[in-house]
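Asker: This is work_23.txt (compact mmCIF, C-alpha atoms and all ligand atoms).
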# COMPACT_ATOMS: atom_id res chain seq x y z
CA MET A 1 -11.72 -23.86 27.67
CA LEU A 2 -9.60 -21.04 29.02
CA GLY A 3 -5.99 -21.95 29.53
CA ALA A 4 -4.43 -20.68 32.72
CA LYS A 5 -1.67 -18.93 30.87
CA SER A 6 -0.44 -16.61 33.54
CA GLY A 7 1.94 -17.61 36.28
CA PRO A 8 3.23 -15.82 39.31
CA VAL A 9 5.06 -12.65 38.40
CA GLU A 10 7.52 -10.76 40.53
CA LEU A 11 7.01 -7.09 40.24
CA THR A 12 8.85 -3.98 41.04
CA GLY A 13 10.41 -2.08 38.18
CA GLY A 14 11.48 1.44 37.43
CA THR A 15 13.84 3.57 35.47
CA SER A 16 15.44 6.96 35.87
CA GLY A 17 14.43 10.62 36.13
CA HIS A 18 11.37 12.45 34.98
CA ARG A 19 10.34 15.86 36.00
CA ARG A 20 7.24 14.88 37.87
CA TRP A 21 7.23 11.85 39.94
CA TYR A 22 6.19 11.04 43.41
CA ARG A 23 7.01 8.49 45.96
CA ARG A 24 4.45 7.00 48.24
CA GLY A 25 5.74 6.26 51.69
CA PRO A 26 4.07 5.03 54.84
CA ALA A 27 2.66 8.51 55.35
CA GLY A 28 1.25 8.74 51.85
CA VAL A 29 2.87 10.52 48.96
CA VAL A 30 5.92 12.03 50.54
CA ALA A 31 8.43 13.11 48.00
CA HIS A 32 8.73 14.17 44.46
CA ARG A 33 11.57 15.04 42.24
CA PHE A 34 10.58 18.65 41.84
CA GLY A 35 10.00 20.04 45.29
CA ALA A 36 6.95 22.10 46.13
CA ALA A 37 9.02 25.21 45.49
CA ASP A 38 9.66 24.06 41.96
CA HIS A 39 5.98 23.57 41.41
CA ARG A 40 5.27 26.97 42.85
CA ALA A 41 7.87 28.43 40.53
CA ARG A 42 6.35 26.66 37.58
CA SER A 43 2.96 27.79 38.68
CA ALA A 44 4.10 31.38 39.08
CA GLY A 45 5.80 31.19 35.73
CA SER A 46 2.66 29.92 34.14
CA ARG A 47 0.64 32.72 35.59
CA ALA A 48 3.13 35.27 34.37
CA VAL A 49 3.14 33.78 30.89
CA ALA A 50 -0.59 33.42 30.80
CA GLY A 51 -1.21 36.97 31.87
CA GLY A 52 -2.10 36.45 35.50
CA ARG A 53 -4.61 33.67 35.14
CA GLY A 54 -4.06 30.73 37.41
CA TYR A 55 -4.73 27.08 36.88
CA ASP A 56 -6.98 25.93 39.63
CA VAL A 57 -8.25 22.40 39.43
CA PRO A 58 -10.69 21.33 38.17
CA ALA A 59 -10.99 24.45 35.99
CA MET A 60 -11.45 23.64 32.33
CA THR A 61 -8.54 24.53 30.15
CA ASP A 62 -8.48 27.46 27.85
CA HIS A 63 -5.77 26.68 25.37
CA ARG A 64 -7.27 28.69 22.59
CA ARG A 65 -5.35 31.89 23.14
CA ALA A 66 -2.09 30.02 23.39
CA ASP A 67 -3.02 28.20 20.21
CA ASP A 68 -3.58 31.49 18.47
CA GLU A 69 -0.39 33.03 19.79
CA LEU A 70 1.73 30.07 18.91
CA ALA A 71 0.16 29.36 15.56
CA SER A 72 1.66 32.60 14.34
CA ARG A 73 5.12 31.53 15.57
CA ALA A 74 5.03 28.05 14.10
CA ALA A 75 7.61 27.26 11.47
CA PRO A 76 5.93 27.41 8.07
CA THR A 77 5.08 24.05 6.57
CA SER A 78 4.13 24.58 2.98
CA ALA A 79 3.04 21.97 0.52
CA ALA A 80 6.30 22.68 -1.27
CA ALA A 81 8.22 21.53 1.81
CA ALA A 82 6.57 18.15 1.63
CA VAL A 83 7.89 15.50 4.00
CA SER A 84 10.16 13.02 2.34
CA ALA A 85 9.14 9.41 2.92
CA PRO A 86 12.10 7.38 4.18
CA ALA A 87 11.65 3.70 5.07
CA PRO A 88 9.73 3.31 8.35
CA PRO A 89 12.17 2.79 11.22
CA LEU A 90 12.41 -0.38 13.26
CA ASP A 91 13.59 -0.22 16.84
CA ARG A 92 16.38 -2.33 18.33
CA LEU A 93 13.93 -5.13 19.03
CA GLY A 94 12.58 -5.05 15.48
CA ARG A 95 9.34 -3.29 16.39
CA ARG A 96 7.82 -0.85 13.95
CA MET A 97 6.10 2.37 14.88
CA HIS A 98 2.41 1.97 14.13
CA ASP A 99 0.50 4.01 16.72
CA LEU A 100 0.80 7.51 18.07
CA ARG A 101 -1.01 8.46 21.25
CA ILE A 102 -1.41 12.18 21.52
CA SER A 103 -2.02 13.69 24.92
CA VAL A 104 -3.66 17.07 24.44
CA THR A 105 -3.70 18.15 28.06
CA ASP A 106 -2.33 17.06 31.41
CA ARG A 107 -5.57 18.17 33.11
CA CYS A 108 -8.52 16.05 34.01
CA ASN A 109 -11.86 16.73 35.64
CA PHE A 110 -11.73 13.36 37.42
CA ARG A 111 -9.38 12.40 40.22
CA CYS A 112 -9.19 8.66 39.75
CA THR A 113 -7.41 7.23 42.73
CA TYR A 114 -5.23 4.99 40.58
CA CYS A 115 -4.18 7.73 38.17
CA MET A 116 -4.50 11.26 39.52
CA PRO A 117 -5.29 11.02 43.23
CA ALA A 118 -6.88 14.13 44.69
CA GLU A 119 -4.46 14.30 47.58
CA VAL A 120 -1.62 14.92 45.11
CA PHE A 121 -3.44 16.73 42.35
CA GLY A 122 -5.28 19.24 44.47
CA ARG A 123 -6.24 22.84 43.80
CA ASP A 124 -2.66 24.05 44.15
CA TYR A 125 -1.15 21.53 41.77
CA ALA A 126 0.73 23.32 38.99
CA PHE A 127 -0.47 21.90 35.74
CA LEU A 128 1.29 22.86 32.56
CA PRO A 129 0.96 26.48 31.55
CA ARG A 130 -0.93 26.89 28.31
CA LEU A 131 2.04 28.17 26.39
CA GLN A 132 3.94 24.99 27.17
CA ILE A 133 1.23 22.87 25.65
CA LEU A 134 1.40 22.11 21.97
CA THR A 135 -1.06 24.01 19.83
CA PHE A 136 -3.34 22.10 17.51
CA GLU A 137 -1.18 23.24 14.60
CA GLU A 138 1.94 21.90 16.30
CA VAL A 139 0.26 18.61 17.17
CA THR A 140 -0.93 18.21 13.61
CA ARG A 141 2.46 19.01 12.15
CA LEU A 142 4.13 16.41 14.36
CA ALA A 143 1.39 13.86 13.72
CA ARG A 144 1.93 14.27 10.01
CA LEU A 145 5.63 13.53 10.47
CA PHE A 146 4.84 10.43 12.54
CA VAL A 147 2.47 9.25 9.83
CA ALA A 148 5.18 9.76 7.23
CA LEU A 149 7.35 7.49 9.41
CA GLY A 150 4.82 4.68 9.35
CA VAL A 151 2.21 5.53 11.97
CA GLU A 152 -1.30 4.63 10.82
CA LYS A 153 -3.28 4.97 14.01
CA LEU A 154 -3.75 8.12 16.07
CA ARG A 155 -5.35 8.13 19.50
CA ILE A 156 -6.17 11.40 21.22
CA THR A 157 -5.91 11.17 24.98
CA GLY A 158 -4.92 13.13 28.07
CA GLY A 159 -5.38 13.94 31.00
CA GLU A 160 -8.95 14.18 29.89
CA PRO A 161 -8.91 15.23 26.24
CA THR A 162 -12.43 16.66 26.30
CA VAL A 163 -11.38 19.39 28.74
CA ARG A 164 -9.26 20.86 25.96
CA ARG A 165 -11.26 23.56 24.29
CA ASP A 166 -12.25 23.14 20.64
CA LEU A 167 -11.18 19.51 20.54
CA PRO A 168 -13.26 18.82 17.40
CA ASP A 169 -11.00 21.28 15.56
CA LEU A 170 -8.03 19.04 16.31
CA VAL A 171 -9.95 15.97 15.23
CA ARG A 172 -10.74 17.67 11.95
CA MET A 173 -7.08 18.56 11.43
CA LEU A 174 -5.82 15.07 12.24
CA ALA A 175 -8.50 13.36 10.18
CA ALA A 176 -7.28 15.31 7.15
CA ILE A 177 -3.76 13.85 7.35
CA ASP A 178 -3.08 11.55 4.44
CA GLY A 179 -2.24 8.06 5.62
CA VAL A 180 -4.20 8.07 8.89
CA ARG A 181 -6.20 4.85 8.81
CA ASP A 182 -7.57 5.02 12.31
CA LEU A 183 -8.34 8.04 14.46
CA THR A 184 -9.80 7.53 17.90
CA LEU A 185 -10.13 9.12 21.30
CA THR A 186 -9.95 7.88 24.88
CA THR A 187 -12.15 9.74 27.32
CA ASN A 188 -13.80 9.41 30.71
CA GLY A 189 -17.08 10.06 28.91
CA SER A 190 -18.12 12.97 31.10
CA ALA A 191 -18.54 15.41 28.21
CA LEU A 192 -19.79 13.10 25.48
CA ARG A 193 -23.42 14.20 25.59
CA ARG A 194 -22.18 17.60 24.45
CA LEU A 195 -19.22 16.56 22.33
CA ALA A 196 -19.95 13.21 20.69
CA GLY A 197 -21.81 14.81 17.77
CA PRO A 198 -19.22 17.51 17.05
CA LEU A 199 -16.41 14.96 17.34
CA ALA A 200 -18.12 12.60 14.92
CA ASP A 201 -18.85 15.47 12.54
CA ALA A 202 -15.17 16.41 12.68
CA GLY A 203 -14.10 12.96 11.52
CA LEU A 204 -13.80 10.81 14.63
CA ARG A 205 -15.01 7.30 13.80
CA ARG A 206 -14.77 5.43 17.06
CA ILE A 207 -14.14 6.07 20.72
CA THR A 208 -12.98 4.42 23.95
CA VAL A 209 -14.65 5.32 27.22
CA SER A 210 -13.22 4.50 30.64
CA LEU A 211 -15.79 3.14 33.06
CA ASP A 212 -14.76 1.34 36.23
CA SER A 213 -18.14 0.45 37.70
CA LEU A 214 -21.88 0.79 37.18
CA ASP A 215 -22.33 1.13 40.90
CA ASP A 216 -22.56 4.83 41.66
CA ASP A 217 -20.79 4.57 45.02
CA VAL A 218 -17.91 2.55 43.64
CA PHE A 219 -17.69 4.80 40.61
CA ARG A 220 -17.51 7.95 42.72
CA ARG A 221 -14.94 6.38 45.01
CA MET A 222 -12.75 5.42 42.09
CA THR A 223 -13.09 8.64 40.15
CA GLY A 224 -12.45 10.72 43.24
CA ILE A 225 -15.09 13.33 42.47
CA ASP A 226 -18.80 13.85 42.86
CA PHE A 227 -19.87 12.77 39.39
CA PRO A 228 -22.73 10.33 38.79
CA VAL A 229 -22.00 7.27 36.70
CA SER A 230 -25.32 7.84 34.95
CA ARG A 231 -23.78 10.78 33.11
CA VAL A 232 -21.02 8.61 31.72
CA LEU A 233 -23.61 6.06 30.64
CA ASP A 234 -25.54 8.85 28.98
CA GLY A 235 -22.30 9.96 27.30
CA ILE A 236 -21.83 6.46 25.94
CA ALA A 237 -25.38 6.54 24.63
CA ALA A 238 -24.64 9.88 23.00
CA ALA A 239 -21.57 8.41 21.32
CA GLY A 240 -23.76 5.67 19.88
CA GLU A 241 -26.34 8.18 18.69
CA ALA A 242 -23.56 10.17 17.00
CA GLY A 243 -22.58 7.07 15.05
CA LEU A 244 -19.25 6.46 16.75
CA ALA A 245 -18.50 2.75 16.39
CA PRO A 246 -17.25 0.60 17.77
CA ILE A 247 -17.46 2.04 21.26
CA LYS A 248 -14.90 0.43 23.50
CA VAL A 249 -15.22 0.50 27.26
CA ASN A 250 -12.12 0.20 29.44
CA MET A 251 -12.47 -0.92 33.02
CA VAL A 252 -9.44 -0.86 35.32
CA VAL A 253 -9.83 -3.52 37.99
CA ARG A 254 -8.34 -2.85 41.40
CA ARG A 255 -8.53 -5.46 44.15
CA GLY A 256 -10.71 -4.47 47.06
CA VAL A 257 -12.19 -1.57 45.13
CA ASN A 258 -14.14 -2.70 42.10
CA GLU A 259 -13.59 -6.36 41.35
CA ASP A 260 -17.22 -6.97 42.27
CA SER A 261 -18.11 -4.75 39.32
CA ILE A 262 -16.56 -7.16 36.80
CA LEU A 263 -19.70 -9.22 36.25
CA PRO A 264 -22.24 -6.38 36.33
CA VAL A 265 -20.22 -4.41 33.78
CA ALA A 266 -19.74 -7.50 31.61
CA ARG A 267 -23.47 -8.26 31.70
CA TRP A 268 -24.30 -4.67 30.87
CA ALA A 269 -21.92 -4.56 27.91
CA ARG A 270 -22.73 -8.03 26.60
CA GLY A 271 -25.07 -8.00 23.65
CA SER A 272 -25.02 -4.21 23.45
CA GLY A 273 -22.37 -3.93 20.77
CA LEU A 274 -19.97 -2.35 23.24
CA VAL A 275 -16.47 -3.79 23.24
CA LEU A 276 -15.43 -4.24 26.85
CA ARG A 277 -11.81 -4.43 27.97
CA PHE A 278 -10.73 -5.15 31.51
CA ILE A 279 -7.37 -3.63 32.39
CA GLU A 280 -5.05 -4.91 35.07
CA PHE A 281 -4.15 -2.17 37.54
CA MET A 282 -0.69 -1.06 36.44
CA ASP A 283 2.31 0.39 38.23
CA VAL A 284 2.37 3.49 36.08
CA GLY A 285 3.78 6.60 37.70
CA HIS A 286 4.29 6.90 41.45
CA THR A 287 1.20 8.54 42.85
CA ASN A 288 -1.23 5.67 42.93
CA GLY A 289 0.40 3.57 45.64
CA TRP A 290 0.44 0.54 43.38
CA ARG A 291 0.89 -2.84 44.97
CA MET A 292 0.93 -6.21 43.29
CA ASP A 293 -1.70 -7.53 45.66
CA GLU A 294 -4.10 -4.91 44.30
CA VAL A 295 -3.82 -6.33 40.81
CA VAL A 296 -6.67 -8.62 39.87
CA PRO A 297 -4.86 -10.82 37.38
CA ARG A 298 -6.15 -11.64 33.94
CA ALA A 299 -6.62 -15.27 34.93
CA GLU A 300 -8.95 -14.33 37.77
CA ILE A 301 -10.93 -11.87 35.67
CA LEU A 302 -11.42 -14.55 33.02
CA ALA A 303 -12.32 -17.21 35.56
CA ARG A 304 -15.03 -14.99 37.02
CA LEU A 305 -16.42 -14.23 33.58
CA ASP A 306 -16.16 -17.78 32.32
CA ALA A 307 -17.95 -19.21 35.34
CA ALA A 308 -20.95 -16.98 34.74
CA MET A 309 -20.87 -16.66 30.95
CA PRO A 310 -18.73 -19.28 29.21
CA LEU A 311 -16.03 -17.89 26.95
CA GLU A 312 -13.73 -19.02 24.20
CA ALA A 313 -10.57 -17.36 22.95
CA VAL A 314 -10.57 -15.26 19.80
CA PRO A 315 -7.42 -14.79 17.75
CA ALA A 316 -5.90 -11.31 17.74
CA ALA A 317 -7.42 -9.10 15.08
CA TYR A 318 -4.04 -7.64 14.17
CA ALA A 319 -0.41 -7.96 15.16
CA GLY A 320 0.28 -6.00 18.30
CA GLU A 321 -3.28 -5.98 19.63
CA VAL A 322 -2.92 -5.38 23.36
CA ALA A 323 -6.11 -7.05 24.53
CA ASP A 324 -6.48 -10.79 24.75
CA ARG A 325 -9.90 -11.31 23.24
CA PHE A 326 -12.64 -13.79 24.09
CA ARG A 327 -16.17 -14.29 22.88
CA TYR A 328 -19.20 -15.50 24.75
CA ARG A 329 -20.00 -19.01 23.63
CA ASP A 330 -23.64 -18.11 23.14
CA GLY A 331 -22.62 -15.57 20.48
CA SER A 332 -23.67 -12.55 22.52
CA GLY A 333 -20.50 -10.58 22.03
CA GLU A 334 -16.87 -10.40 23.04
CA VAL A 335 -14.74 -9.17 25.86
CA GLY A 336 -11.03 -8.62 26.32
CA VAL A 337 -8.38 -8.30 28.99
CA ILE A 338 -5.34 -6.04 28.83
CA ALA A 339 -2.86 -7.83 31.04
CA SER A 340 0.14 -5.59 31.00
CA VAL A 341 1.18 -6.85 34.44
CA THR A 342 0.72 -10.61 34.29
CA ARG A 343 1.16 -11.08 30.53
CA PRO A 344 3.26 -8.22 29.23
CA PHE A 345 3.15 -7.55 25.54
CA CYS A 346 6.25 -5.40 25.08
CA GLY A 347 7.49 -7.61 22.27
CA SER A 348 4.71 -6.44 20.01
CA CYS A 349 4.51 -2.85 21.23
CA THR A 350 4.25 -0.45 18.32
CA ARG A 351 3.17 2.60 20.32
CA SER A 352 4.72 6.00 20.46
CA ARG A 353 3.38 8.69 22.75
CA LEU A 354 3.40 12.45 22.48
CA SER A 355 2.84 14.30 25.74
CA ALA A 356 0.85 17.52 25.89
CA GLU A 357 4.09 19.47 26.22
CA GLY A 358 5.59 17.87 23.16
CA GLU A 359 7.77 15.13 24.54
CA LEU A 360 8.06 11.83 22.76
CA TYR A 361 7.84 8.67 24.89
CA THR A 362 8.20 5.15 23.65
CA CYS A 363 7.09 3.37 26.80
CA LEU A 364 4.24 3.88 29.23
CA PHE A 365 6.73 3.27 32.02
CA ALA A 366 9.44 5.56 30.70
CA ALA A 367 11.36 7.87 32.96
CA ALA A 368 11.92 10.63 30.44
CA GLY A 369 10.80 11.71 27.03
CA THR A 370 12.54 13.41 24.14
CA ASP A 371 11.72 17.04 23.64
CA LEU A 372 10.20 17.77 20.24
CA LYS A 373 8.64 21.10 21.15
CA THR A 374 11.87 23.06 21.57
CA PRO A 375 13.25 22.29 18.12
CA LEU A 376 9.80 22.65 16.62
CA ARG A 377 9.40 26.14 18.08
CA ALA A 378 12.98 27.04 17.25
CA GLY A 379 12.19 26.59 13.57
CA ALA A 380 13.40 23.06 12.86
CA THR A 381 12.46 21.79 9.44
CA ASP A 382 10.19 18.82 8.91
CA ASP A 383 13.20 16.74 7.92
CA GLU A 384 15.04 17.68 11.11
CA LEU A 385 12.07 16.85 13.32
CA SER A 386 11.43 13.68 11.43
CA GLU A 387 15.05 12.62 11.88
CA ARG A 388 14.77 13.23 15.62
CA ILE A 389 11.66 11.06 15.85
CA ARG A 390 13.25 8.36 13.72
CA ALA A 391 16.39 8.36 15.88
CA VAL A 392 14.38 7.97 19.09
CA TRP A 393 12.46 5.05 17.64
CA ALA A 394 15.54 3.41 16.13
CA LEU A 395 17.28 3.50 19.55
CA ARG A 396 14.27 2.16 21.40
CA ALA A 397 14.90 -1.02 23.37
CA ASP A 398 12.48 -0.55 26.27
CA ARG A 399 10.39 -3.46 27.52
CA TYR A 400 9.60 -2.40 31.02
CA SER A 401 6.70 -4.73 31.67
CA GLU A 402 8.78 -7.73 30.71
CA LEU A 403 11.68 -6.63 32.85
CA ARG A 404 9.98 -5.83 36.13
CA ALA A 405 12.64 -6.96 38.54
CA ALA A 406 13.42 -6.67 42.20
CA GLY A 407 14.91 -3.45 43.49
CA THR A 408 13.76 -1.02 40.88
CA ALA A 409 10.31 -0.08 42.08
CA ASP A 410 11.38 3.28 43.41
CA GLY A 411 12.78 4.53 40.15
CA PRO A 412 11.05 7.46 38.50
CA ARG A 413 8.34 6.90 35.92
CA VAL A 414 6.18 9.29 34.01
CA GLU A 415 2.65 9.68 35.36
CA MET A 416 -0.12 8.14 33.30
CA PHE A 417 -2.03 11.41 32.97
CA ALA A 418 1.02 13.00 31.30
CA ILE A 419 1.02 10.57 28.41
CA GLY A 420 -2.48 9.23 28.44
CA GLY A 421 -2.12 5.48 28.66
N1 LIG B 501 -9.04 10.68 30.77
C1 LIG B 501 -9.12 9.70 29.73
C2 LIG B 501 -9.80 8.45 30.23
O1 LIG B 501 -10.29 8.45 31.38
O2 LIG B 501 -9.91 7.50 29.48
C3 LIG B 501 -7.83 9.39 29.04
C4 LIG B 501 -6.57 9.29 29.86
S1 LIG B 501 -6.53 7.95 31.00
C5 LIG B 501 -4.93 8.19 31.69
C6 LIG B 501 -6.34 6.56 29.93
C7 LIG B 501 -6.65 5.22 30.53
O3 LIG B 501 -5.64 4.87 31.43
C8 LIG B 501 -7.98 5.11 31.27
O4 LIG B 501 -8.70 4.02 30.77
C9 LIG B 501 -7.53 4.84 32.69
O5 LIG B 501 -8.46 4.05 33.37
C10 LIG B 501 -6.23 4.12 32.46
N2 LIG B 501 -5.34 4.12 33.62
C11 LIG B 501 -4.87 5.16 34.30
N3 LIG B 501 -4.06 4.78 35.31
C12 LIG B 501 -4.00 3.42 35.25
C13 LIG B 501 -3.33 2.42 36.00
N4 LIG B 501 -2.55 2.73 37.04
N5 LIG B 501 -3.49 1.14 35.64
C14 LIG B 501 -4.28 0.82 34.60
N6 LIG B 501 -4.93 1.71 33.83
C15 LIG B 501 -4.81 3.00 34.16
For this file, write the structure as structure tokens.
Answerer:
Amino acid sequence: MLGAKSGPVELTGGTSGHRRWYRRGPAGVVAHRFGAADHRARSAGSRAVAGGRGYDVPAMTDHRRADDELASRAAPTSAAAAVSAPAPPLDRLGRRMHDLRISVTDRCNFRCTYCMPAEVFGRDYAFLPRLQILTFEEVTRLARLFVALGVEKLRITGGEPTVRRDLPDLVRMLAAIDGVRDLTLTTNGSALRRLAGPLADAGLRRITVSLDSLDDDVFRRMTGIDFPVSRVLDGIAAAGEAGLAPIKVNMVVRRGVNEDSILPVARWARGSGLVLRFIEFMDVGHTNGWRMDEVVPRAEILARLDAAMPLEAVPAAYAGEVADRFRYRDGSGEVGVIASVTRPFCGSCTRSRLSAEGELYTCLFAAAGTDLKTPLRAGATDDELSERIRAVWALRADRYSELRAAGTADGPRVEMFAIGG
């Protein structure tokens, strides 16, 4: 029924320099590329720029003023200066650019242990100053250029995107871009009771919610804060009431933490119309203390599911779909596994990623991005920005997950919260 397609995989991996990375040693997270003094400097700088207001966590972000200030500085983009439409670029491995993931903030109100652990991202952590974060106008301008280069799918992410003020305004702006076939959002679900309606009204069609357990204790342990899982479940209900569909649910599985939640979550999602995806715990960034023995491999997740609720494989819905899909044999729904560790899918990766500060990444495991914000704010034309994006994509040859090899695990990698998964 289910082929055991995954074999043993040797894992380490890594690349070179990014501004914020951490190394976990025997005594916990012990070193990072920017020392504490650098963070303090950044923090002080941010306060100076932002007029004396600090950035304590988990304070919600107020980007609005920065948006207003920067909107007036943005290079004019008139209809007359329409973007020319050159042939969509292919990268060096023949992959086209189909998706853009847009991180709208590096902040999050959760402190998931595998993504943004509280011991690193505490109250004194210097998140990006508002003025360094792209305004909605800037994001929309860049998104339009990506779409002109072949992108059809936009995903808003973070950090936690719903902590960015006035998020529905951005959805409305992105939804209005000609050529966008799919616009979605990944969220922890904590604010959906309040925001699902406005987001749907603004043009969001579907949504993905992260949910790692139905068990309140496990959920709180994984999310690192005192937040009841019932509120996320209520947020998911609100998304349904707002007409967002399909609603996908992503569950990261970490050995010894929540693998016992696999079946309860599957049973809960089954037959409800929710599209559940299990995600192998990945070695993104450096703060989560990733170890291969904490990965619950795809094969094991499927075996657990199949033993309780027999499954059969479903063909991919489209080229480049990251989840391996399965349906319950009794017709009660489907489930998927995203097996970036044990079954990497770099060969079909069509994703580009824009960080909140305007850097373009082509790989979740990249060490560094390409700065789009500086030229954008310096008055670059659409053609110039477009050429920069095209050049980055055309040079792309990354396939980190496929290349995980001994001796590279300590190399720097961007943190997940900076580019949003
Ligand atoms: N805050 C939003 C959320 O919770 O969905 C969006 C950003 S979050 C970084 C995007 C996704 O990445 C979430 O589903 C999260 O569980 C997943 N993620 C973060 N770190 C991960 C890791 N080390 N391995 C696997 N998935 C991870």
Asker: All residues within 6 Å of ligand LIG 501 (chain B) are required, counting all atoms listed in the file; please report them as an mmCIF file with C-alpha atoms, in the frame of the given file.
Answerer:
data_model
loop_
_atom_site.group_PDB
_atom_site.id
_atom_site.type_symbol
_atom_site.label_atom_id
_atom_site.label_comp_id
_atom_site.auth_asym_id
_atom_site.auth_seq_id
_atom_site.Cartn_x
_atom_site.Cartn_y
_atom_site.Cartn_z
ATOM 1 C CA TYR A 114 -5.230 4.990 40.580
ATOM 2 C CA CYS A 115 -4.180 7.730 38.170
ATOM 3 C CA THR A 157 -5.910 11.170 24.980
ATOM 4 C CA GLY A 158 -4.920 13.130 28.070
ATOM 5 C CA GLY A 159 -5.380 13.940 31.000
ATOM 6 C CA GLU A 160 -8.950 14.180 29.890
ATOM 7 C CA THR A 186 -9.950 7.880 24.880
ATOM 8 C CA THR A 187 -12.150 9.740 27.320
ATOM 9 C CA ASN A 188 -13.800 9.410 30.710
ATOM 10 C CA VAL A 209 -14.650 5.320 27.220
ATOM 11 C CA SER A 210 -13.220 4.500 30.640
ATOM 12 C CA ASN A 250 -12.120 0.200 29.440
ATOM 13 C CA VAL A 252 -9.440 -0.860 35.320
ATOM 14 C CA ILE A 279 -7.370 -3.630 32.390
ATOM 15 C CA GLU A 280 -5.050 -4.910 35.070
ATOM 16 C CA PHE A 281 -4.150 -2.170 37.540
ATOM 17 C CA MET A 282 -0.690 -1.060 36.440
ATOM 18 C CA ASP A 283 2.310 0.390 38.230
ATOM 19 C CA VAL A 284 2.370 3.490 36.080
ATOM 20 C CA MET A 416 -0.120 8.140 33.300
ATOM 21 C CA PHE A 417 -2.030 11.410 32.970
ATOM 22 C CA GLY A 420 -2.480 9.230 28.440
ATOM 23 C CA GLY A 421 -2.120 5.480 28.660
#
Asker: If you measure from atom CA of A:Ile389 to atom CA of A:Ser348, what distance in Å do you get, rounded to one decimal?
Answerer: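 So the answer is 19.3 Å.
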Asker: Quick one: residues within 7 Å of A:Leu214, all atoms listed in the file counted, chain neighbours fewer than 4 positions away excluded, as a list of chain:residue names?
Answerer: A:Phe219, A:Val229, A:Val265
Asker: Can you tell me how far atom CA of A:Ala148 sits from atom CA of A:Arg95, in Å to one decimal?
Answerer: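 Answer for the atom CA of A:Ala148 to atom CA of A:Arg95 separation: 16.5 Å.
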Asker: Taking all atoms listed in the file into account, name the residue in A:Arg254, A:Ser190, A:Lys248, A:Asp324 that is nearest to A:Ser230.
Answerer: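 Result for the nearest residue to A:Ser230: A:Ser190.
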Asker: What is the distance between atom CA of A:Tyr400 and atom CA of A:Cys363, in Å to one decimal?
Answerer: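 Interatomic distance here is 7.6 Å.
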Asker: Got a sec: who's within 12 Å of A:Arg327, counting all atoms listed in the file, leaving out chain neighbours fewer than 4 positions off, as a PyMOL selection string?
Answerer: chain A and resi 1-2+266+270-271+275-277+302+305-306+309-316+331-337
Asker: Out of A:Arg101, A:Arg96, A:Arg194, A:Arg144, which residue has the shortest atom-to-atom distance to A:Ser386 when counting all atoms listed in the file?
Answerer: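 Counting all atoms listed in the file, the residue closest to A:Ser386 is A:Arg144.
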Asker: Box along x, y and z, 3 Å on every side, all listed atoms of stretch 240-250 of chain A inside: centre and edge lengths in Å to one decimal, as AutoDock Vina command-line options.
Answerer:
--center_x -19.2 --center_y 5.2 --center_z 22.2 --size_x 20.2 --size_y 16.0 --size_z 20.4
Asker: Skip A:Ser103 itself and residues of its chain fewer than 4 positions away, then list as a ChimeraX atom specification all residues within 12 Å of it, counting all atoms listed in the file.
Answerer: /A:107-108,133-136,139,143,154-164,167,170,185-187,352-361,416-421
Asker: Fewer than 4 positions away in the same chain doesn't count, so skip those; otherwise give me all residues within 12 Å of A:Leu93, counting all atoms listed in the file, as a list in words.
Answerer: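 Listing them by chain and then by number gives Pro89, Met97, Cys346, Gly347, Ser348, Cys349, Thr350, Trp393, Ala394, Leu395, Arg396, Ala397, Asp398 and Arg399 of chain A.
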Asker: Considering all atoms listed in the file, can you say which of A:Leu211, A:Leu195, A:Gly369, A:Gly203 comes closest to A:Glu241?
Answerer: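 Looking at the shortest contact to A:Glu241, the residue is A:Leu195.
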Asker: Which residues are near A:Ile225? Cut-off 10 Å, all atoms listed in the file, ignore same chain within fewer than 3 positions. Put them as a ChimeraX atom specification.
Answerer: /A:109-113,118,219-222,228
